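Shown next: final.cif, given as mmCIF, C-alpha atoms.
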data_start
loop_
_atom_site.label_atom_id
_atom_site.label_comp_id
_atom_site.auth_asym_id
_atom_site.auth_seq_id
_atom_site.Cartn_x
_atom_site.Cartn_y
_atom_site.Cartn_z
CA MET A 5 -17.86 10.75 22.17
CA PRO A 6 -17.02 13.61 19.74
CA ASP A 7 -13.56 13.83 21.34
CA LEU A 8 -13.09 10.09 20.84
CA LEU A 9 -14.05 10.45 17.18
CA ALA A 10 -11.67 13.38 16.76
CA ALA A 11 -8.77 11.34 18.13
CA ARG A 12 -9.51 8.46 15.78
CA SER A 13 -9.98 10.84 12.84
CA GLN A 14 -6.64 12.49 13.63
CA MET A 15 -4.84 9.15 13.51
CA ALA A 16 -6.70 8.07 10.38
CA MET A 17 -5.79 11.28 8.56
CA SER A 18 -2.13 10.98 9.55
CA LEU A 19 -1.97 7.34 8.44
CA ALA A 20 -3.74 8.04 5.15
CA PHE A 21 -1.22 10.77 4.34
CA HIS A 22 1.86 8.89 5.52
CA ILE A 23 1.09 5.63 3.75
CA ILE A 24 1.51 7.25 0.34
CA PHE A 25 5.07 8.32 1.14
CA ALA A 26 5.84 4.99 2.78
CA MET A 27 4.79 3.19 -0.41
CA VAL A 28 6.84 5.47 -2.62
CA GLY A 29 9.77 5.00 -0.24
CA ILE A 30 9.57 1.28 -0.99
CA GLY A 31 9.01 1.48 -4.75
CA MET A 32 10.93 4.52 -5.95
CA PRO A 33 14.45 3.39 -4.91
CA LEU A 34 13.99 0.23 -6.97
CA LEU A 35 13.28 2.34 -10.05
CA MET A 36 16.40 4.45 -9.62
CA VAL A 37 18.56 1.37 -9.00
CA VAL A 38 17.29 -0.35 -12.16
CA ALA A 39 17.93 2.84 -14.15
CA GLU A 40 21.50 3.12 -12.86
CA TRP A 41 22.13 -0.58 -13.44
CA ARG A 42 21.02 -0.21 -17.04
CA HIS A 43 23.30 2.80 -17.45
CA LEU A 44 26.29 0.80 -16.19
CA ARG A 45 25.33 -2.08 -18.47
CA THR A 46 24.62 -0.09 -21.65
CA GLY A 47 26.43 3.21 -21.17
CA GLU A 48 23.33 5.12 -22.34
CA PRO A 49 23.22 8.59 -20.72
CA ILE A 50 19.41 8.60 -20.63
CA TYR A 51 19.43 5.94 -17.91
CA LEU A 52 21.89 7.99 -15.86
CA ASP A 53 19.61 11.03 -16.19
CA LEU A 54 16.66 8.91 -15.09
CA ALA A 55 18.54 7.56 -12.07
CA LYS A 56 19.51 11.07 -10.94
CA ARG A 57 15.99 12.48 -11.41
CA TRP A 58 14.35 9.59 -9.59
CA ALA A 59 16.94 9.89 -6.80
CA LYS A 60 15.94 13.55 -6.31
CA GLY A 61 12.28 12.56 -6.26
CA THR A 62 13.04 9.83 -3.73
CA ALA A 63 14.81 12.36 -1.50
CA ILE A 64 11.86 14.78 -1.61
CA LEU A 65 9.35 12.08 -0.75
CA PHE A 66 11.64 10.56 1.89
CA ALA A 67 11.89 13.92 3.68
CA VAL A 68 8.12 14.43 3.78
CA GLY A 69 7.61 10.80 4.82
CA ALA A 70 10.02 11.30 7.71
CA VAL A 71 8.01 14.31 8.90
CA SER A 72 4.65 12.53 8.69
CA GLY A 73 6.14 9.42 10.33
CA THR A 74 7.41 11.51 13.25
CA VAL A 75 3.92 12.95 13.68
CA LEU A 76 2.51 9.42 13.82
CA SER A 77 5.00 8.44 16.52
CA LEU A 78 3.93 11.41 18.63
CA GLU A 79 0.26 10.64 18.10
CA LEU A 80 0.70 7.05 19.27
CA GLY A 81 1.89 8.31 22.64
CA LEU A 82 -0.47 11.27 22.97
CA LEU A 83 -3.70 9.83 21.57
CA TRP A 84 -3.32 6.11 22.29
CA PRO A 85 -1.70 5.73 25.73
CA GLY A 86 -3.95 2.78 26.58
CA PHE A 87 -2.74 0.93 23.51
CA MET A 88 0.93 1.77 24.09
CA LYS A 89 0.72 0.75 27.75
CA PHE A 90 -0.81 -2.58 26.78
CA ALA A 91 1.15 -3.36 23.62
CA GLY A 92 4.38 -1.37 23.86
CA ALA A 93 6.47 -4.17 25.34
CA ILE A 94 5.05 -6.67 22.84
CA ILE A 95 5.44 -4.80 19.55
CA GLY A 96 8.36 -2.62 20.58
CA MET A 97 10.77 -4.93 18.76
CA PRO A 98 9.35 -4.49 15.20
CA PHE A 99 9.14 -0.73 15.75
CA SER A 100 12.77 -0.68 16.93
CA LEU A 101 13.88 -2.72 13.94
CA GLU A 102 11.90 -0.40 11.68
CA GLY A 103 13.84 2.52 13.15
CA PHE A 104 17.12 0.74 12.42
CA ALA A 105 16.03 0.10 8.83
CA PHE A 106 14.89 3.73 8.47
CA PHE A 107 18.25 5.10 9.57
CA THR A 108 20.05 2.65 7.28
CA GLU A 109 17.93 3.92 4.41
CA ALA A 110 18.69 7.55 5.34
CA ILE A 111 22.45 6.93 5.54
CA PHE A 112 22.74 5.17 2.21
CA LEU A 113 20.34 7.61 0.54
CA GLY A 114 22.80 10.33 1.54
CA VAL A 115 25.67 8.28 0.10
CA TYR A 116 23.67 7.76 -3.09
CA LEU A 117 22.71 11.42 -3.51
CA TYR A 118 26.17 12.86 -2.83
CA GLY A 119 28.30 9.96 -4.00
CA TRP A 120 28.09 10.61 -7.75
CA ASN A 121 31.70 10.70 -9.05
CA ARG A 122 32.99 10.40 -5.46
CA ILE A 123 32.84 6.62 -5.10
CA SER A 124 33.17 3.90 -7.69
CA PRO A 125 30.13 3.26 -9.94
CA ARG A 126 29.73 -0.25 -8.54
CA ALA A 127 29.83 0.99 -4.92
CA HIS A 128 27.36 3.73 -5.81
CA LEU A 129 24.97 1.16 -7.30
CA TRP A 130 25.23 -0.98 -4.17
CA ALA A 131 24.40 2.07 -2.04
CA GLY A 132 21.18 2.37 -4.06
CA VAL A 133 20.47 -1.33 -3.59
CA LEU A 134 20.77 -0.88 0.19
CA VAL A 135 18.38 2.08 0.02
CA ALA A 136 15.85 -0.08 -1.83
CA LEU A 137 16.24 -3.05 0.54
CA SER A 138 16.11 -1.01 3.76
CA GLY A 139 13.05 0.88 2.51
CA ALA A 140 11.23 -2.40 1.88
CA VAL A 141 12.35 -3.89 5.21
CA SER A 142 11.24 -0.75 7.06
CA GLY A 143 7.73 -1.12 5.67
CA ILE A 144 7.66 -4.83 6.46
CA PHE A 145 8.43 -4.27 10.15
CA VAL A 146 5.65 -1.68 10.50
CA VAL A 147 3.14 -4.02 8.84
CA ILE A 148 4.25 -6.83 11.19
CA ALA A 149 3.24 -4.64 14.14
CA ASN A 150 -0.17 -4.10 12.55
CA ALA A 151 -0.49 -7.81 11.78
CA TRP A 152 -0.05 -8.54 15.48
CA MET A 153 -3.02 -6.27 16.19
CA ASN A 154 -5.11 -8.46 13.88
CA ALA A 155 -3.89 -11.78 15.29
CA PRO A 156 -2.25 -11.13 18.67
CA ARG A 157 0.01 -13.67 20.35
CA GLY A 158 3.30 -13.78 22.25
CA PHE A 159 1.84 -12.98 25.68
CA VAL A 160 -0.48 -14.27 28.39
CA LEU A 161 -3.18 -12.14 30.00
CA LYS A 162 -3.00 -12.06 33.80
CA ASP A 163 -5.63 -9.86 35.45
CA GLY A 164 -6.03 -8.03 32.15
CA VAL A 165 -2.31 -7.24 31.90
CA PRO A 166 0.09 -8.86 29.36
CA ALA A 167 2.63 -11.19 30.99
CA ASP A 168 5.17 -13.80 29.85
CA ILE A 169 5.87 -11.61 26.82
CA ASP A 170 7.70 -13.16 23.87
CA PRO A 171 8.37 -10.43 21.25
CA LEU A 172 9.74 -12.90 18.68
CA LEU A 173 6.61 -15.03 18.91
CA ALA A 174 4.53 -11.87 18.54
CA MET A 175 6.42 -10.94 15.36
CA THR A 176 5.65 -14.32 13.82
CA THR A 177 1.90 -13.92 14.13
CA PRO A 178 0.08 -15.89 11.39
CA ALA A 179 -1.18 -12.61 9.92
CA ALA A 180 2.37 -11.31 9.35
CA PHE A 181 3.28 -13.06 6.09
CA PRO A 182 -0.04 -12.43 4.26
CA GLN A 183 -0.09 -8.75 5.23
CA THR A 184 3.56 -7.98 4.54
CA LEU A 185 3.45 -9.74 1.17
CA HIS A 186 0.26 -7.97 0.14
CA MET A 187 1.48 -4.53 1.24
CA THR A 188 4.94 -4.82 -0.30
CA LEU A 189 3.52 -5.85 -3.66
CA ALA A 190 1.00 -3.01 -3.39
CA ALA A 191 3.85 -0.52 -2.90
CA TYR A 192 5.67 -1.72 -6.00
CA ALA A 193 2.52 -1.89 -8.12
CA ALA A 194 1.25 1.54 -7.04
CA THR A 195 4.59 3.32 -7.44
CA GLY A 196 5.35 1.59 -10.73
CA PHE A 197 2.00 2.48 -12.26
CA ALA A 198 2.12 6.05 -10.90
CA VAL A 199 5.45 6.67 -12.63
CA ALA A 200 4.36 4.74 -15.73
CA GLY A 201 1.19 6.82 -15.95
CA ILE A 202 3.14 10.09 -16.01
CA HIS A 203 5.40 8.96 -18.84
CA ALA A 204 2.54 7.26 -20.71
CA TRP A 205 0.65 10.56 -20.68
CA LEU A 206 3.71 12.38 -22.03
CA LEU A 207 4.25 9.70 -24.68
CA ARG A 208 0.73 10.20 -25.98
CA ARG A 209 1.84 13.76 -26.78
CA THR A 210 5.39 12.97 -27.96
CA PRO A 211 5.54 9.26 -28.90
CA HIS A 212 9.13 9.54 -30.20
CA ALA A 213 10.59 10.86 -26.91
CA THR A 214 13.18 8.24 -26.00
CA PHE A 215 13.53 9.55 -22.45
CA HIS A 216 9.87 8.81 -21.67
CA ARG A 217 10.01 5.46 -23.48
CA LYS A 218 12.91 4.31 -21.32
CA ALA A 219 11.25 5.60 -18.16
CA LEU A 220 7.98 3.86 -19.04
CA GLY A 221 9.81 0.59 -19.64
CA ILE A 222 11.50 0.63 -16.23
CA ALA A 223 8.32 1.65 -14.42
CA LEU A 224 6.36 -1.17 -16.05
CA LEU A 225 9.17 -3.60 -15.24
CA VAL A 226 8.27 -2.98 -11.59
CA ALA A 227 4.50 -2.47 -11.92
CA VAL A 228 3.56 -5.40 -14.17
CA PRO A 229 4.86 -8.37 -12.11
CA ALA A 230 3.71 -6.77 -8.85
CA SER A 231 0.21 -6.18 -10.23
CA LEU A 232 -0.06 -9.74 -11.55
CA LEU A 233 1.12 -11.24 -8.25
CA GLN A 234 -1.15 -8.98 -6.19
CA PRO A 235 -4.37 -10.99 -6.75
CA LEU A 236 -2.53 -14.12 -5.58
CA SER A 237 -1.30 -12.36 -2.45
CA GLY A 238 -4.81 -11.02 -1.92
CA ASP A 239 -6.15 -14.57 -2.02
CA ILE A 240 -3.58 -15.60 0.62
CA ALA A 241 -4.53 -12.61 2.77
CA ALA A 242 -8.27 -13.30 2.44
CA LYS A 243 -7.80 -16.92 3.50
CA ALA A 244 -5.89 -15.70 6.57
CA VAL A 245 -8.71 -13.29 7.42
CA ALA A 246 -11.23 -16.14 7.08
CA ARG A 247 -9.28 -18.16 9.68
CA LEU A 248 -8.25 -15.40 12.06
CA GLN A 249 -10.97 -12.71 11.77
CA PRO A 250 -14.24 -14.27 10.56
CA ALA A 251 -16.25 -11.18 11.56
CA LYS A 252 -14.07 -9.02 9.34
CA LEU A 253 -14.52 -11.43 6.43
CA ALA A 254 -18.27 -11.38 6.95
CA ALA A 255 -18.26 -7.58 6.81
CA MET A 256 -15.99 -7.57 3.74
CA GLU A 257 -18.36 -9.86 1.86
CA GLY A 258 -21.65 -8.60 3.30
CA GLN A 259 -22.25 -12.07 4.76
CA PHE A 260 -24.91 -11.63 7.42
CA THR A 261 -25.96 -15.28 7.73
CA THR A 262 -23.77 -18.29 8.47
CA GLU A 263 -24.13 -20.76 5.62
CA ARG A 264 -22.46 -23.53 3.68
CA GLY A 265 -21.68 -22.89 0.04
CA ALA A 266 -21.66 -19.15 0.62
CA PRO A 267 -21.80 -16.98 -2.51
CA LEU A 268 -19.31 -14.31 -3.47
CA ARG A 269 -20.97 -10.90 -3.72
CA VAL A 270 -19.87 -8.39 -6.33
CA GLY A 271 -21.05 -4.88 -5.53
CA GLY A 272 -24.17 -4.36 -3.46
CA TRP A 273 -24.93 -2.33 -0.37
CA PRO A 274 -25.17 -3.97 3.09
CA ASP A 275 -28.36 -3.09 4.97
CA GLU A 276 -27.48 -3.71 8.62
CA ALA A 277 -31.03 -3.12 9.82
CA ALA A 278 -32.43 -5.78 7.49
CA ALA A 279 -29.28 -7.96 7.81
CA GLU A 280 -28.93 -8.40 4.06
CA THR A 281 -26.80 -7.10 1.21
CA ARG A 282 -28.98 -5.53 -1.45
CA TRP A 283 -28.36 -5.28 -5.22
CA ALA A 284 -25.25 -7.50 -5.21
CA ILE A 285 -24.33 -9.90 -7.99
CA GLU A 286 -23.90 -13.29 -6.32
CA VAL A 287 -21.58 -16.01 -7.61
CA PRO A 288 -22.82 -19.29 -6.06
CA LYS A 289 -20.44 -21.05 -3.62
CA ALA A 290 -17.52 -18.86 -4.72
CA LEU A 291 -16.86 -17.40 -1.26
CA SER A 292 -16.61 -20.87 0.29
CA ILE A 293 -14.18 -21.88 -2.45
CA LEU A 294 -12.03 -18.77 -2.13
CA ALA A 295 -11.97 -18.75 1.67
CA PHE A 296 -11.59 -22.49 2.37
CA ALA A 297 -10.99 -24.19 -1.01
CA ASP A 298 -14.21 -26.15 -0.50
CA PRO A 299 -17.49 -25.30 -2.29
CA ASN A 300 -19.51 -26.61 0.67
CA ALA A 301 -17.43 -25.05 3.46
CA GLU A 302 -19.28 -23.12 6.14
CA VAL A 303 -18.63 -19.37 6.15
CA GLN A 304 -19.40 -17.63 9.42
CA GLY A 305 -21.81 -14.73 9.12
CA LEU A 306 -22.38 -11.73 11.35
CA ASP A 307 -25.30 -13.57 12.96
CA ARG A 308 -22.74 -15.34 15.18
CA VAL A 309 -21.22 -12.05 16.34
CA PRO A 310 -22.83 -9.91 19.08
CA ARG A 311 -24.37 -6.85 17.46
CA SER A 312 -22.20 -4.60 19.65
CA ASP A 313 -19.11 -6.22 18.08
CA TRP A 314 -20.12 -5.68 14.47
CA PRO A 315 -17.75 -3.49 12.46
CA PRO A 316 -19.32 -0.80 10.24
CA VAL A 317 -20.36 -3.28 7.58
CA ALA A 318 -21.14 -0.88 4.74
CA ILE A 319 -17.78 0.92 5.02
CA VAL A 320 -15.82 -2.34 5.12
CA HIS A 321 -17.75 -3.93 2.25
CA VAL A 322 -17.47 -0.90 -0.04
CA GLY A 323 -13.79 -0.44 0.81
CA PHE A 324 -13.13 -4.07 -0.05
CA GLN A 325 -15.01 -3.78 -3.36
CA VAL A 326 -13.02 -0.67 -4.29
CA MET A 327 -9.71 -2.36 -3.46
CA VAL A 328 -10.51 -5.51 -5.43
CA GLY A 329 -11.96 -3.61 -8.38
CA LEU A 330 -8.99 -1.27 -8.79
CA GLY A 331 -6.49 -4.07 -8.22
CA SER A 332 -8.22 -6.17 -10.89
CA TYR A 333 -8.06 -3.28 -13.36
CA MET A 334 -4.31 -2.88 -12.75
CA ALA A 335 -3.79 -6.61 -13.30
CA LEU A 336 -5.71 -6.44 -16.58
CA VAL A 337 -3.57 -3.51 -17.74
CA ALA A 338 -0.47 -5.50 -16.80
CA LEU A 339 -1.73 -8.38 -18.96
CA GLY A 340 -2.27 -5.90 -21.79
CA VAL A 341 1.34 -4.77 -21.50
CA LEU A 342 2.56 -8.37 -21.64
CA TRP A 343 0.36 -9.04 -24.66
CA CYS A 344 1.82 -6.01 -26.39
CA ARG A 345 5.37 -7.19 -25.63
CA TRP A 346 4.59 -10.72 -26.78
CA ARG A 347 3.23 -9.40 -30.08
CA ARG A 348 6.39 -7.24 -30.40
CA ARG A 349 4.38 -4.07 -30.73
CA GLU A 350 5.95 -0.71 -29.93
CA LEU A 351 4.30 0.30 -26.65
CA ALA A 352 4.91 4.01 -27.25
CA LEU A 353 2.54 3.87 -30.23
CA GLN A 354 -0.32 1.98 -28.57
CA ARG A 355 -2.46 4.98 -27.63
CA THR A 356 -5.30 2.91 -26.17
CA LEU A 357 -2.96 0.99 -23.88
CA LEU A 358 -1.11 4.18 -22.93
CA GLY A 359 -4.46 5.70 -21.98
CA ALA A 360 -5.26 2.67 -19.84
CA ILE A 361 -1.90 3.06 -18.07
CA VAL A 362 -2.60 6.75 -17.44
CA LEU A 363 -5.97 5.83 -15.95
CA ALA A 364 -4.27 3.26 -13.70
CA SER A 365 -1.67 5.71 -12.37
CA PRO A 366 -3.54 6.74 -9.16
CA MET A 367 -5.36 3.44 -8.68
CA GLY A 368 -2.67 1.67 -6.65
CA PHE A 369 -2.69 4.37 -3.99
CA ILE A 370 -6.50 4.56 -3.90
CA ALA A 371 -6.71 0.77 -3.62
CA THR A 372 -4.20 0.80 -0.77
CA GLU A 373 -6.12 3.46 1.13
CA ALA A 374 -9.29 1.40 0.67
CA GLY A 375 -7.45 -1.73 1.80
CA TRP A 376 -6.27 -0.08 5.00
CA VAL A 377 -9.84 1.07 5.68
CA VAL A 378 -10.85 -2.59 5.40
CA THR A 379 -8.00 -3.69 7.68
CA GLU A 380 -8.57 -1.11 10.42
CA VAL A 381 -12.32 -0.47 10.30
CA GLY A 382 -12.99 -4.17 9.79
CA ARG A 383 -11.28 -4.94 13.12
CA GLN A 384 -13.53 -2.59 15.09
CA PRO A 385 -14.55 -2.36 17.86
CA TRP A 386 -11.14 -3.85 18.71
CA VAL A 387 -7.77 -2.14 18.44
CA VAL A 388 -6.13 -5.47 19.34
CA GLN A 389 -8.41 -8.22 18.05
CA GLY A 390 -10.41 -9.83 20.83
CA VAL A 391 -8.19 -8.37 23.57
CA LEU A 392 -8.31 -4.56 23.76
CA ARG A 393 -11.19 -2.39 22.62
CA THR A 394 -10.58 0.84 20.75
CA ALA A 395 -12.61 2.81 23.28
CA ASP A 396 -10.27 1.64 26.05
CA ALA A 397 -7.10 2.45 24.11
CA VAL A 398 -7.73 5.99 22.88
CA THR A 399 -7.51 9.27 24.81
CA PRO A 400 -10.78 11.24 24.65
CA MET A 401 -8.93 14.56 25.01
CA PRO A 402 -11.14 17.68 24.80
CA GLY A 403 -10.51 20.15 22.02
CA LEU A 404 -8.92 17.68 19.62
CA ILE A 405 -10.90 19.06 16.72
CA VAL A 406 -8.53 22.05 16.58
CA PRO A 407 -5.27 20.07 16.15
CA PHE A 408 -7.13 17.76 13.75
CA LEU A 409 -7.91 20.69 11.47
CA LEU A 410 -4.42 22.17 11.86
CA PHE A 411 -2.69 18.90 10.98
CA THR A 412 -5.03 18.39 8.05
CA LEU A 413 -4.06 21.81 6.70
CA LEU A 414 -0.38 20.98 7.30
CA TYR A 415 -0.72 17.75 5.31
CA LEU A 416 -2.46 19.58 2.48
CA PHE A 417 0.32 22.18 2.45
CA LEU A 418 3.02 19.49 2.38
CA GLY A 419 1.15 17.71 -0.39
CA VAL A 420 1.05 20.86 -2.51
CA ILE A 421 4.78 21.41 -1.96
CA VAL A 422 5.58 17.83 -2.97
CA VAL A 423 3.46 18.07 -6.13
CA TYR A 424 5.14 21.36 -7.05
CA LEU A 425 8.67 19.98 -6.57
CA LEU A 426 7.93 16.77 -8.45
CA LYS A 427 6.26 18.71 -11.27
CA ARG A 428 9.45 20.73 -11.65
CA GLN A 429 11.43 17.51 -11.95
CA ILE A 430 9.10 16.27 -14.68
CA ALA A 431 8.85 19.62 -16.49
CA THR A 432 12.63 19.82 -16.93
CA ALA A 433 12.89 16.28 -18.28
CA PRO A 434 13.89 15.86 -21.92
CA GLY A 435 10.87 15.74 -24.19
CA THR A 436 11.62 15.11 -27.81
CA ALA A 437 15.32 15.77 -27.50
CA HIS A 438 16.16 12.07 -27.91
CA ARG A 439 14.57 10.43 -30.91
CA HIS A 440 14.92 7.24 -32.84
CA ALA A 441 13.05 5.65 -35.68
CA ILE A 442 9.90 3.86 -34.60
CA ALA A 443 7.85 1.63 -36.80
CA PRO A 444 4.32 2.77 -37.54
CA ALA A 445 1.53 1.39 -35.38
CA PRO A 446 -0.10 -1.78 -36.64
CA ALA A 447 -3.32 -1.28 -38.54
CA GLY A 448 -6.42 -1.25 -36.46
CA ASP A 449 -4.73 -0.37 -33.18
#
Just give me the structure of the file as C-alpha cells.
Amino acid sequence: MPDLLAARSQMAMSLAFHIIFAMVGIGMPLLMVVAEWRHLRTGEPIYLDLAKRWAKGTAILFAVGAVSGTVLSLELGLLWPGFMKFAGAIIGMPFSLEGFAFFTEAIFLGVYLYGWNRISPRAHLWAGVLVALSGAVSGIFVVIANAWMNAPRGFVLKDGVPADIDPLLAMTTPAAFPQTLHMTLAAYAATGFAVAGIHAWLLRRTPHATFHRKALGIALLVAVPASLLQPLSGDIAAKAVARLQPAKLAAMEGQFTTERGAPLRVGGWPDEAAAETRWAIEVPKALSILAFADPNAEVQGLDRVPRSDWPPVAIVHVGFQVMVGLGSYMALVALGVLWCRWRRRELALQRTLLGAIVLASPMGFIATEAGWVVTEVGRQPWVVQGVLRTADAVTPMPGLIVPFLLFTLLYLFLGVIVVYLLKRQIATAPGTAHRHAIAPAPAGD
C-alpha cells in the first residue's frame, strides 16, 4: 500500500508542477501577440519592448513545461501500465493531436523568437498568433483525454477488455466541452492576473511608469473577460458533473443524504463517520437549482453509493470551496476594473484596486490546483469512471519513495531557476523612464 501511495503521489506532484507551465503556455502567447499588435497599430516602442520581453518569458516557461511534460509521459508508461493497456487505444488520438499541436507551437515560437527583422512584421505577428492558437489547442486535447476518464465512451467491454473502439466518439464525451471551456478560461484568467499583479505591485511604487501601465492594461484585457466568464463555465461544468458523476457532486457539496430541494453549502467540514457536513452555511434549495435548474429536483447523496466507492469527501469538498472562493474573488476584482474603466478613472492611481489585483495574482493558479484535486480525487476510487479502478491501473513498484523525493527536488530546482530568470526579465524593465501627465486621483479613493 505505501508503494501504491508513492506512485500516486509521484504522478500528483508531476501534474501539479506541470499544470502551471501548461497554463502559462496557453495565456502568455496571447499577451505577447496583443502587445505586438498594438505596436504595429500605434507605433509605440513600449509595446514592442513588452512583446519581446513576454516572448522571452514564454520561451523560458515553454522549455520547462516541455521537460515536465516529458516526465509525465514517462510516468504514464512506468507507473500506470494498467491504465495505458486499457485506455491507450481509446485516448491515443487526443494525445497524438496534442503532440502535433505542441510541435506546431515549438516551430512557430522559434520563428517568433528569431524572426524579428528577418520576416515582415505582419508575418511575424501571424507566427505569434499560431503560437497562441496551438498552445490553446494543445491544452484542449489533453483535457479531452481527462474528460474521457470522467465520462468514458467509444468502446464496448468484452470480458473486461475494450473492443469496438471508436476514438472519435471517445473524444466527444459529454464531459469534454465543459472541462475544456473551464480549463481554457482558467489559463487565461490565471496568467492574466499573474502578470497584472506584478505590474500592479510596481505601479503602486511608481504610478507614473508608462511601461507598467501599458503592461497592466494588456494583462487585464485578458484576465477580466476570462474571470467574468469563468463562473458561467463553472456552472456548466457543475451541471455536467451532476449528470455524469453524482458521487463526485455529492462529495463536492458535502451532500451525504439524497434529498429534494437540496441546499448549497458554503464552507463547513464533512464528517464521514457521522455522515454530515458540520458548520456549513446552507442556502435552501440552491444546490437543486444550480445542478438541475429546479428548486425541487432530487440531488443524489453519498447514501446511494457503496461506502467503498466514496471519494475522500473532506478533501474534495474543501478543494471545491477553495476553487469557488478564489474564482469568485477574481471575478469581483474584474468587476472592479470594469467599474473603474466605466467611471473613467486612471487605474494606475487606484491604490486599493491595485492592491486587490496584487492579491489576486497567485489565485488563478491556486484555484486551478484545487480544481484538479476536485476532478481527480473526486473520481476515486476510479481512474476511469465506473470501469477501471485506480488500484488496478497503477504499478505498486517497491522503492518509489526515492524517485518521488528526487523528482520533487528537481521540480523545486527548476522552479527556482524559472523564478530567477523571470525576475531578471522584470528587474531590467523600464521603471519610471517613460512618463506622462496623469490626473490626480479622485477624492476619497
Inset, instruction - Would you translate the PyMOL selection byres ((chain A and resi 386) around 10) into the concrete set of residues it matches in this file, as a ChimeraX atom specification? - result: /A:153-154,313,315,380-385,387-397
Just the selected residues (C-alpha atoms), exported as a short mmCIF file (atom, residue, chain, number, x, y, z; two decimals), in the coordinates of the input, please.
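In the end it all went to result_37.cif:
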data_model
loop_
_atom_site.label_atom_id
_atom_site.label_comp_id
_atom_site.auth_asym_id
_atom_site.auth_seq_id
_atom_site.Cartn_x
_atom_site.Cartn_y
_atom_site.Cartn_z
CA MET A 153 -3.02 -6.27 16.19
CA ASN A 154 -5.11 -8.46 13.88
CA ASP A 313 -19.11 -6.22 18.08
CA PRO A 315 -17.75 -3.49 12.46
CA GLU A 380 -8.57 -1.11 10.42
CA VAL A 381 -12.32 -0.47 10.30
CA GLY A 382 -12.99 -4.17 9.79
CA ARG A 383 -11.28 -4.94 13.12
CA GLN A 384 -13.53 -2.59 15.09
CA PRO A 385 -14.55 -2.36 17.86
CA VAL A 387 -7.77 -2.14 18.44
CA VAL A 388 -6.13 -5.47 19.34
CA GLN A 389 -8.41 -8.22 18.05
CA GLY A 390 -10.41 -9.83 20.83
CA VAL A 391 -8.19 -8.37 23.57
CA LEU A 392 -8.31 -4.56 23.76
CA ARG A 393 -11.19 -2.39 22.62
CA THR A 394 -10.58 0.84 20.75
CA ALA A 395 -12.61 2.81 23.28
CA ASP A 396 -10.27 1.64 26.05
CA ALA A 397 -7.10 2.45 24.11
#
Using all atoms listed in the file, find each residue of stretch 105-215 of chain A with at least one atom at most 12 Å away from an atom of stretch 18-23 of chain A; report its shortest atom-to-atom pair and that distance in Å (one decimal), sort the rows by chain and rising residue number, and return the result as a Markdown table.
| residue | atom | partner | partner_atom | distance |
| --- | --- | --- | --- | --- |
| A:Gly143 | CA | A:Ile23 | CA | 9.7 |
| A:Val146 | CA | A:Ile23 | CA | 10.9 |
| A:Val147 | CA | A:Ile23 | CA | 11.1 |
| A:Met187 | CA | A:Ile23 | CA | 10.5 |
| A:Thr188 | CA | A:Ile23 | CA | 11.9 |
| A:Ala190 | CA | A:Ile23 | CA | 11.2 |
| A:Ala191 | CA | A:Ile23 | CA | 9.5 |
| A:Ala194 | CA | A:Ile23 | CA | 11.5 |
| A:Thr195 | CA | A:Ile23 | CA | 11.9 |
Legend entry - Long-range neighbours of stretch 362-368 of chain A as a PyMOL selection string, 12 Å cut-off, all atoms listed in the file, 5 positions minimum in chain: chain A and resi 23-24+27-28+31+187-208+220+223-224+227-228+230-231+234+326-338+355-357+373-375
Legend entry - Chain and number of each residue from the PyMOL selection byres ((chain A and resi 265) around 7), as a PyMOL selection string: chain A and resi 263-264+266-267+289+292+299-302
Inset, instruction - Go through the shown structure with the PyMOL selection byres ((chain A and resi 270-280) around 12) and write out the matching residues as a PyMOL selection string. - result: chain A and resi 254-262+267-269+281-288+290-291+305-307+311+314-329
Inset, instruction - Report the distance between atom CA of A:Phe215 and atom CA of A:Phe25 in Å, rounded to one decimal place. - result: 25.1 Å
Legend entry - Close residues, stretch 127-130 of chain A itself excluded, 12 Å, all atoms listed in the file, min 2 positions apart in chain, as a PyMOL selection string: chain A and resi 33-34+36-45+52+55-56+59+112-125+132-137
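Counting all atoms listed in the file, the residue from A:Ala131, A:Leu35, A:Val423, A:Leu232 that sits nearest to A:Ile111 is A:Ala131.
As for atom CA of A:Ala167 and atom CA of A:Thr74, they are spaced 29.2 Å apart.
Atom CA of A:Leu65 is found 28.9 Å from atom CA of A:Ala179.
Using only C-alpha atoms, the protein and nucleic acid residues lying no more than 10 Å from A:Leu409, apart from those fewer than 5 places from it along its own chain, are Ala10, Gln14, Leu404, Leu414 and Tyr415 of chain A.
You can rank A:Gln429, A:Thr210, A:Thr399, A:Ser237 by their closest distance to A:Ala352 using all atoms listed in the file, and at the top of that list sits A:Thr210.
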Inset, instruction - Choose the residue, out of A:Leu185, A:Leu425, A:Met17, A:Lys89, that has the smallest atom-to-atom separation from A:Gly164; count all atoms listed in the file. - result: A:Lys89
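Shortest atom-to-atom contact with A:Gly69 among A:Ala16, A:Glu350, A:Phe106, A:Leu410: A:Phe106, counting only C-alpha atoms.
Distance check against A:Phe145 using only C-alpha atoms: of A:Ser100, A:Thr177, A:Thr108, A:Thr372, the minimum falls on A:Ser100.
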Kindly provide, as JSON, the centre and edge lengths (Å, one decimal) of an axis-aligned box around all atoms of stretch 376-386 of chain A given in the file, with 4 Å on each side.
{"center_x": -10.4, "center_y": -1.9, "center_z": 11.9, "size_x": 16.3, "size_y": 14.0, "size_z": 21.7}
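Considering only C-alpha atoms, the residue among A:Ala360, A:Ile64, A:Ala213, A:Ala295 positioned nearest to A:Ala241 is A:Ala295.
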Legend entry - Long-range neighbours of A:Arg428 as a VMD selection string, 12 Å cut-off, only C-alpha atoms, 4 positions minimum in chain: chain A and resid 57 60 to 61 64 421 to 424 432 to 433
